[in-house]
file input_3.txt (compact mmCIF, C-alpha atoms (C1' of nucleotides))
# COMPACT_ATOMS: atom_id res chain seq x y z
CA MET C 502 -19.22 23.41 21.99
CA PRO C 503 -15.52 23.05 21.22
CA ASN C 504 -14.33 19.63 22.30
CA SER C 505 -10.74 18.83 23.14
CA GLU C 506 -9.94 17.46 19.70
CA HIS C 507 -10.81 20.77 18.11
CA VAL C 508 -8.77 22.56 20.73
CA LYS C 509 -5.80 20.34 20.01
CA LEU C 510 -6.08 20.85 16.26
CA GLU C 511 -6.36 24.60 16.59
CA ALA C 512 -3.35 24.71 18.87
CA TYR C 513 -1.37 22.68 16.36
CA LEU C 514 -2.38 24.97 13.50
CA LYS C 515 -1.68 28.22 15.35
CA GLU C 516 1.72 26.99 16.38
CA ARG C 517 2.64 26.56 12.74
CA GLY C 518 0.97 29.64 11.30
CA GLN C 519 -1.71 27.59 9.60
CA LYS C 520 -5.36 28.47 9.40
CA VAL C 521 -8.43 27.09 11.06
CA THR C 522 -10.83 26.61 8.18
CA LYS C 523 -14.37 25.43 7.64
CA ALA C 524 -13.13 22.43 5.68
CA ARG C 525 -10.68 21.34 8.36
CA LYS C 526 -13.31 21.59 11.04
CA ALA C 527 -15.69 19.55 8.92
CA VAL C 528 -13.15 16.79 8.33
CA LEU C 529 -12.26 16.59 12.00
CA ARG C 530 -15.93 16.44 12.99
CA ALA C 531 -16.54 13.71 10.42
CA PHE C 532 -13.51 11.79 11.64
CA MET C 533 -14.70 11.94 15.23
CA GLU C 534 -18.07 10.52 14.21
CA LEU C 535 -16.55 7.47 12.53
CA GLU C 536 -15.44 4.38 14.39
CA GLY C 537 -12.67 1.90 13.73
CA HIS C 538 -10.62 2.00 10.57
CA VAL C 539 -11.42 4.93 8.37
CA THR C 540 -10.47 5.25 4.72
CA ALA C 541 -10.11 8.62 3.03
CA ASP C 542 -13.14 7.70 1.01
CA SER C 543 -15.47 7.01 3.92
CA LEU C 544 -14.20 10.17 5.53
CA PHE C 545 -14.97 12.09 2.34
CA ALA C 546 -18.53 10.77 2.37
CA ALA C 547 -18.99 11.69 6.03
CA ALA C 548 -17.46 15.13 5.55
CA LYS C 549 -19.77 15.89 2.64
CA LYS C 550 -22.75 15.44 4.93
CA ILE C 551 -21.36 18.21 7.10
CA ASP C 552 -20.04 20.43 4.30
CA PRO C 553 -21.50 19.34 0.96
CA GLY C 554 -19.10 21.48 -1.04
CA ILE C 555 -15.95 19.88 0.33
CA GLY C 556 -13.44 18.46 -2.14
CA GLN C 557 -11.82 15.06 -2.08
CA ALA C 558 -8.32 16.50 -2.24
CA THR C 559 -9.00 18.51 0.86
CA VAL C 560 -10.02 15.39 2.75
CA PHE C 561 -6.78 13.66 1.77
CA ARG C 562 -4.79 16.70 2.82
CA THR C 563 -6.64 17.09 6.08
CA VAL C 564 -6.46 13.51 7.27
CA LYS C 565 -2.69 13.70 6.85
CA LEU C 566 -2.77 16.88 8.86
CA LEU C 567 -4.75 15.12 11.59
CA ALA C 568 -2.10 12.42 11.70
CA GLU C 569 0.66 15.01 12.01
CA ALA C 570 -1.26 16.73 14.77
CA GLY C 571 -1.51 13.46 16.67
CA LEU C 572 -5.26 13.12 16.31
CA ALA C 573 -5.19 10.24 13.86
CA ARG C 574 -2.74 7.52 13.13
CA GLU C 575 -2.21 5.30 10.17
CA ALA C 576 -3.31 1.74 10.78
CA CYS C 577 -0.52 -0.08 8.96
CA GLN C 578 0.15 0.63 5.29
CA ASP C 579 3.22 2.57 4.27
CA GLU C 580 3.88 4.93 1.42
CA GLY C 581 4.95 3.79 -1.98
CA ALA C 582 5.13 0.42 -3.60
CA ARG C 583 4.70 -2.92 -1.92
CA THR C 584 7.93 -4.77 -1.24
CA TYR C 585 8.83 -8.42 -1.03
CA GLU C 586 11.67 -10.18 0.68
CA HIS C 587 13.14 -13.67 0.53
CA ALA C 588 11.16 -16.17 2.56
CA PHE C 589 12.53 -19.61 1.72
CA ARG C 590 15.45 -20.60 3.91
CA HIS C 591 15.56 -17.07 5.25
CA SER C 592 14.61 -16.91 8.86
CA HIS C 593 11.74 -14.77 9.95
CA HIS C 594 12.52 -11.31 11.24
CA ASP C 595 10.89 -7.96 11.87
CA HIS C 596 11.90 -4.47 10.81
CA LEU C 597 13.27 -1.41 12.45
CA ARG C 598 13.03 1.62 10.16
CA CYS C 599 14.60 5.06 10.47
CA GLU C 600 12.04 7.72 9.63
CA ARG C 601 14.77 10.16 8.68
CA CYS C 602 17.03 8.27 6.32
CA GLY C 603 14.95 5.20 5.55
CA THR C 604 17.51 2.67 6.75
CA ILE C 605 15.95 -0.68 7.53
CA VAL C 606 17.45 -2.97 10.14
CA GLU C 607 16.19 -6.52 10.37
CA PHE C 608 15.92 -8.01 13.83
CA TYR C 609 14.56 -11.01 15.61
CA ASP C 610 13.36 -10.88 19.18
CA LYS C 611 12.38 -14.05 20.96
CA THR C 612 10.36 -12.30 23.65
CA ILE C 613 8.19 -10.59 21.09
CA GLU C 614 7.67 -13.75 19.09
CA SER C 615 6.54 -15.77 22.07
CA ALA C 616 4.33 -12.98 23.40
CA GLN C 617 2.55 -13.05 20.06
CA GLU C 618 1.69 -16.71 20.54
CA VAL C 619 0.06 -15.76 23.80
CA VAL C 620 -2.04 -13.08 22.10
CA PHE C 621 -3.24 -15.51 19.42
CA LYS C 622 -4.33 -18.00 22.06
CA GLN C 623 -6.00 -15.33 24.13
CA TYR C 624 -8.34 -14.43 21.27
CA GLY C 625 -8.87 -17.97 20.02
CA PHE C 626 -7.00 -17.32 16.79
CA VAL C 627 -5.04 -19.84 14.79
CA ALA C 628 -1.74 -18.12 14.02
CA ILE C 629 -0.71 -17.61 10.41
CA GLY C 630 1.83 -14.84 10.57
CA HIS C 631 2.56 -11.30 11.53
CA LYS C 632 4.16 -8.10 10.37
CA MET C 633 5.83 -5.69 12.67
CA GLU C 634 7.68 -2.52 11.97
CA LEU C 635 9.23 -0.36 14.63
CA THR C 636 9.89 3.20 13.55
CA GLY C 637 12.32 5.62 15.06
CA LEU C 638 15.52 7.50 14.42
CA CYS C 639 18.69 5.58 13.86
CA ALA C 640 21.74 6.47 15.94
CA ASP C 641 23.25 8.63 13.17
CA CYS C 642 20.12 10.66 12.49
CA ALA C 643 19.40 11.05 16.20
CA ARG C 644 22.89 12.44 16.75
CA ARG C 645 22.39 15.05 14.04
CA GLY C 646 19.19 16.13 15.78
CA ILE C 647 15.74 16.17 14.24
CA MET W 994 22.18 -26.21 -12.05
CA PRO W 995 18.71 -26.27 -10.47
CA ASN W 996 18.88 -24.84 -6.99
CA SER W 997 16.41 -25.62 -4.25
CA GLU W 998 14.31 -22.54 -4.89
CA HIS W 999 13.64 -23.65 -8.43
CA VAL W 1000 12.86 -27.13 -7.19
CA LYS W 1001 10.39 -25.74 -4.69
CA LEU W 1002 8.70 -23.54 -7.28
CA GLU W 1003 8.38 -26.39 -9.76
CA ALA W 1004 6.93 -28.66 -7.12
CA TYR W 1005 4.39 -25.99 -6.22
CA LEU W 1006 3.42 -25.50 -9.86
CA LYS W 1007 3.11 -29.21 -10.67
CA GLU W 1008 0.97 -29.78 -7.64
CA ARG W 1009 -1.52 -27.27 -8.96
CA GLY W 1010 -1.38 -28.14 -12.66
CA GLN W 1011 0.42 -24.94 -13.50
CA LYS W 1012 3.25 -24.60 -15.95
CA VAL W 1013 6.95 -24.01 -15.54
CA THR W 1014 7.66 -21.21 -17.99
CA LYS W 1015 10.61 -19.20 -19.17
CA ALA W 1016 9.15 -16.06 -17.64
CA ARG W 1017 8.62 -17.65 -14.24
CA LYS W 1018 12.12 -18.99 -14.15
CA ALA W 1019 13.48 -15.59 -15.11
CA VAL W 1020 11.55 -13.81 -12.35
CA LEU W 1021 12.66 -16.31 -9.73
CA ARG W 1022 16.28 -16.01 -10.83
CA ALA W 1023 16.04 -12.23 -10.71
CA PHE W 1024 14.43 -12.36 -7.29
CA MET W 1025 17.20 -14.58 -5.93
CA GLU W 1026 19.81 -12.12 -7.15
CA LEU W 1027 18.27 -9.19 -5.34
CA GLU W 1028 18.84 -8.46 -1.67
CA GLY W 1029 16.62 -6.92 0.96
CA HIS W 1030 13.31 -5.33 0.08
CA VAL W 1031 12.34 -5.76 -3.51
CA THR W 1032 9.66 -3.78 -5.31
CA ALA W 1033 7.88 -5.17 -8.35
CA ASP W 1034 9.60 -2.46 -10.32
CA SER W 1035 13.15 -3.37 -9.34
CA LEU W 1036 12.29 -6.98 -9.96
CA PHE W 1037 10.99 -6.06 -13.40
CA ALA W 1038 14.28 -4.33 -14.19
CA ALA W 1039 16.31 -7.30 -12.99
CA ALA W 1040 14.14 -9.80 -14.85
CA LYS W 1041 14.49 -7.85 -18.09
CA LYS W 1042 18.24 -8.37 -17.93
CA ILE W 1043 17.63 -12.10 -17.93
CA ASP W 1044 14.71 -12.14 -20.36
CA PRO W 1045 14.48 -8.80 -22.20
CA GLY W 1046 11.05 -9.57 -23.61
CA ILE W 1047 9.36 -10.06 -20.26
CA GLY W 1048 6.29 -7.97 -19.49
CA GLN W 1049 5.57 -5.98 -16.38
CA ALA W 1050 2.25 -7.70 -15.79
CA THR W 1051 4.01 -11.05 -15.73
CA VAL W 1052 6.39 -9.83 -13.06
CA PHE W 1053 3.48 -8.69 -10.90
CA ARG W 1054 1.73 -12.01 -11.44
CA THR W 1055 4.85 -14.01 -10.72
CA VAL W 1056 5.95 -12.28 -7.56
CA LYS W 1057 2.51 -13.01 -6.12
CA LEU W 1058 2.99 -16.59 -7.16
CA LEU W 1059 6.34 -16.69 -5.38
CA ALA W 1060 4.65 -15.43 -2.25
CA GLU W 1061 1.96 -18.13 -2.52
CA ALA W 1062 4.65 -20.75 -3.03
CA GLY W 1063 6.40 -19.62 0.14
CA LEU W 1064 9.47 -18.28 -1.62
CA ALA W 1065 8.75 -14.62 -0.99
CA ARG W 1066 6.82 -12.74 1.60
CA GLU W 1067 5.33 -9.30 1.65
CA ALA W 1068 7.24 -6.91 3.87
CA CYS W 1069 4.29 -4.99 5.38
CA GLN W 1070 1.81 -3.21 3.15
CA ASP W 1071 -1.71 -4.53 2.74
CA GLU W 1072 -4.13 -4.41 -0.13
CA GLY W 1073 -6.47 -1.54 -0.76
CA ALA W 1074 -6.69 1.93 0.64
CA ARG W 1075 -4.80 3.27 3.60
CA THR W 1076 -6.82 3.53 6.78
CA TYR W 1077 -6.67 5.81 9.78
CA GLU W 1078 -7.85 5.37 13.32
CA HIS W 1079 -8.40 7.69 16.27
CA ALA W 1080 -5.19 8.50 18.10
CA PHE W 1081 -5.98 11.27 20.57
CA ARG W 1082 -7.19 9.99 23.92
CA HIS W 1083 -7.42 6.54 22.39
CA SER W 1084 -4.88 4.23 23.84
CA HIS W 1085 -2.39 2.60 21.58
CA HIS W 1086 -3.12 -0.92 20.43
CA ASP W 1087 -2.13 -3.43 17.80
CA HIS W 1088 -4.21 -5.50 15.44
CA LEU W 1089 -5.17 -9.11 15.08
CA ARG W 1090 -6.72 -9.80 11.69
CA CYS W 1091 -8.58 -12.85 10.42
CA GLU W 1092 -7.38 -13.74 6.94
CA ARG W 1093 -10.66 -15.46 6.17
CA CYS W 1094 -13.37 -13.02 7.16
CA GLY W 1095 -11.35 -9.84 7.66
CA THR W 1096 -12.41 -9.29 11.27
CA ILE W 1097 -10.04 -7.01 13.11
CA VAL W 1098 -9.54 -7.32 16.85
CA GLU W 1099 -7.64 -4.60 18.65
CA PHE W 1100 -5.38 -5.69 21.48
CA TYR W 1101 -2.73 -4.36 23.77
CA ASP W 1102 0.04 -6.50 25.17
CA LYS W 1103 2.38 -5.12 27.75
CA THR W 1104 5.07 -7.74 27.19
CA ILE W 1105 5.28 -6.90 23.50
CA GLU W 1106 5.36 -3.17 24.13
CA SER W 1107 8.20 -3.38 26.61
CA ALA W 1108 10.17 -5.85 24.49
CA GLN W 1109 10.04 -3.27 21.71
CA GLU W 1110 11.75 -0.73 23.91
CA VAL W 1111 14.56 -3.20 24.40
CA VAL W 1112 14.95 -3.65 20.64
CA PHE W 1113 15.10 0.11 20.05
CA LYS W 1114 17.85 0.46 22.65
CA GLN W 1115 19.73 -2.50 21.28
CA TYR W 1116 20.13 -0.83 17.90
CA GLY W 1117 20.66 2.68 19.19
CA PHE W 1118 17.34 3.92 17.84
CA VAL W 1119 15.21 6.68 19.30
CA ALA W 1120 11.69 5.23 19.36
CA ILE W 1121 8.92 6.95 17.45
CA GLY W 1122 6.29 4.29 17.01
CA HIS W 1123 5.42 0.93 15.63
CA LYS W 1124 2.87 -1.00 13.71
CA MET W 1125 2.11 -4.61 14.30
CA GLU W 1126 -0.46 -6.84 12.76
CA LEU W 1127 -0.89 -10.46 13.67
CA THR W 1128 -2.72 -12.51 11.06
CA GLY W 1129 -4.49 -15.78 11.58
CA LEU W 1130 -7.90 -17.39 11.57
CA CYS W 1131 -10.47 -16.25 14.06
CA ALA W 1132 -12.17 -18.87 16.20
CA ASP W 1133 -15.27 -18.98 13.96
CA CYS W 1134 -13.38 -19.40 10.72
CA ALA W 1135 -11.01 -21.93 12.23
CA ARG W 1136 -13.97 -24.03 13.42
CA ARG W 1137 -15.44 -24.09 9.91
CA GLY W 1138 -12.13 -25.41 8.64
CA ILE W 1139 -9.92 -23.76 6.04
C1' DG A 243 -12.03 46.45 6.70
C1' DT A 244 -7.68 45.33 4.10
C1' DG A 245 -4.14 42.81 2.24
C1' DA A 246 -0.71 39.14 2.37
C1' DT A 247 -0.89 34.49 2.56
C1' DA A 248 -2.75 30.00 3.27
C1' DT A 249 -6.32 27.08 1.61
C1' DT A 250 -9.69 25.41 -1.28
C1' DG A 251 -12.13 22.63 -4.95
C1' DA A 252 -11.88 20.99 -9.58
C1' DT A 253 -9.29 18.75 -12.49
C1' DA A 254 -5.42 16.67 -14.47
C1' DA A 255 -1.60 13.85 -13.48
C1' DT A 256 0.82 10.08 -11.36
C1' DC A 257 1.87 5.73 -9.47
C1' DA A 258 1.20 0.98 -8.50
C1' DT A 259 -1.44 -2.59 -9.75
C1' DT A 260 -4.87 -5.34 -12.22
C1' DC A 261 -7.60 -6.56 -16.22
C1' DT A 262 -8.38 -7.82 -21.12
C1' DC A 263 -7.48 -10.31 -24.91
C1' DA A 264 -5.25 -11.92 -29.01
C1' DT A 265 -1.11 -14.65 -29.50
C1' DT A 266 2.25 -17.88 -27.92
C1' DT A 267 4.04 -21.53 -24.97
C1' DT A 268 3.76 -25.61 -22.41
C1' DG A 269 3.25 -30.49 -21.39
C1' DG A 270 0.67 -34.64 -21.69
C1' DA A 271 -1.40 -37.99 -25.02
C1' DG A 272 -0.98 -40.41 -28.99
C1' DC R 308 7.96 -36.15 -32.45
C1' DT R 309 3.46 -34.00 -33.30
C1' DC R 310 -0.84 -32.33 -31.95
C1' DC R 311 -3.82 -29.98 -29.03
C1' DA R 312 -6.21 -28.12 -25.06
C1' DA R 313 -5.16 -25.46 -21.43
C1' DA R 314 -2.34 -22.17 -19.30
C1' DA R 315 0.54 -18.22 -19.67
C1' DT R 316 2.28 -14.28 -21.92
C1' DG R 317 2.99 -9.29 -23.30
C1' DA R 318 0.96 -5.00 -24.68
C1' DG R 319 -1.78 -1.79 -23.53
C1' DA R 320 -6.03 -0.18 -21.52
C1' DA R 321 -8.33 0.33 -17.16
C1' DT R 322 -8.62 1.00 -12.35
C1' DG R 323 -8.07 2.85 -7.72
C1' DA R 324 -5.72 5.57 -4.58
C1' DT R 325 -3.27 9.44 -4.00
C1' DT R 326 -0.87 13.79 -5.24
C1' DA R 327 0.11 18.00 -8.01
C1' DT R 328 -1.51 22.18 -10.30
C1' DC R 329 -3.74 26.41 -10.25
C1' DA R 330 -7.06 30.05 -10.37
C1' DA R 331 -10.46 31.50 -7.07
C1' DT R 332 -11.55 32.11 -2.23
C1' DA R 333 -11.25 32.34 2.81
C1' DT R 334 -8.66 33.50 6.91
C1' DC R 335 -6.54 36.42 10.18
C1' DA R 336 -3.05 39.83 11.97
C1' DC R 337 -2.98 44.40 11.54
call {"tool": "encode", "arguments": {"input": "input_3.txt", "output": "structure tokens"}}
result
Amino acid sequence: MPNSEHVKLEAYLKERGQKVTKARKAVLRAFMELEGHVTADSLFAAAKKIDPGIGQATVFRTVKLLAEAGLAREACQDEGARTYEHAFRHSHHDHLRCERCGTIVEFYDKTIESAQEVVFKQYGFVAIGHKMELTGLCADCARRGI
Amino acid sequence: MPNSEHVKLEAYLKERGQKVTKARKAVLRAFMELEGHVTADSLFAAAKKIDPGIGQATVFRTVKLLAEAGLAREACQDEGARTYEHAFRHSHHDHLRCERCGTIVEFYDKTIESAQEVVFKQYGFVAIGHKMELTGLCADCARRGI
DNA sequence: GTGATATTGATAATCATTCTCATTTTGGAG
DNA sequence: CTCCAAAATGAGAATGATTATCAATATCAC
């Protein structure tokens, strides 16, 4: 019984001349069974129950594929090394990053900051901090087309 | 000429019975010289120019210390493995995380979402997506005191 | 079915980070 | 200033997550 996630994945693959394989179907099925925040490792474990011969590398590859196909999304956590920025006598700000050229613009938006306070209160949390990154294409990269 | 960052670090160290060392001073000086988003690696390179004998492990240890002392802050990027969540036919949401017990609450706030659109426009960006994580103490942990 | 091509699984390699531990440095007490 | 216990260091090994390599295999348009 092909559900709509499988349909969407197959459409994505066909469109790009990629193949619908046993391993990919197994990873997607495993992913759909899991709730909340899924690591590649827990996905590997779940996928092995469906296809015991599956390799770890394939799971890593496939979960990235799912993200590209719009079926999964990364819950925070960027590529590469952790970075630090000055915090003392540097006012707080958030980041706007260009996915094409990597440019990072720092911004501060009062509406967003105060809306966050509301969210904390709403859930009974005591605020400590927050991290926000908006991603998009900067004016230059957008002009050049994607 | 001791600047206020050094004063703040020394105060933090004294308060906790920790020592003011050559290596720590070198890392702080290097950190103050660098702009923007600093990786442990670039900091290591900069610190070596000040104290050629410094070790990489010390730089990693010290930048964490700077963050604890309130002189640096992590620019996104959590500990541990990357996680994924369902994206297809699952509405977008952001995260509220308890620093004490790790609980993650998913929320959606219309004010924040629309304020983001404004920021994108303001800087001429074409929006792709965003990641936001609010951190604090959940009601239970806050009640138990910190 | 057949063949060109994409994909796989195993493994090695890489990268960032943390741990281990013998040696050195620090700072308070005398 | 000297001594000493405790803290910190640097080198290198260890770890954990992820990615690259590559020969063997599976997929699919024909």
call {"tool": "interface_residues", "arguments": {"input": "input_3.txt", "of": "chain R", "to": "chain W", "cutoff": "7 Å", "atoms": "only C-alpha atoms (C1' of nucleotides)", "output": "ChimeraX atom specification"}}
result
/R:314,317,324
call {"tool": "interface_residues", "arguments": {"input": "input_3.txt", "of": "chain A", "to": "chain W", "cutoff": "9 Å", "atoms": "only C-alpha atoms (C1' of nucleotides)", "output": "number ranges by chain"}}
result
A: 259-260, 267-269
call {"tool": "atom_distance", "arguments": {"input": "input_3.txt", "atom1": "CA of Thr612 in chain C", "atom2": "CA of Ala1108 in chain W"}}
result
6.5 Å
call {"tool": "residues_near_point", "arguments": {"input": "input_3.txt", "point": "(2.6, 17.9, -8.4)", "cutoff": "9 Å", "atoms": "all atoms listed in the file", "output": "VMD selection string"}}
result
(chain A and resid 255 to 256) or (chain R and resid 326 to 328)
call {"tool": "interface_residues", "arguments": {"input": "input_3.txt", "of": "chain W", "to": "chain C", "cutoff": "8 Å", "atoms": "only C-alpha atoms", "output": "ChimeraX atom specification"}}
result
/W:998,1025,1028-1033,1063-1071,1074-1081,1089,1091,1102,1104-1105,1108-1109,1112-1113,1116-1132,1135
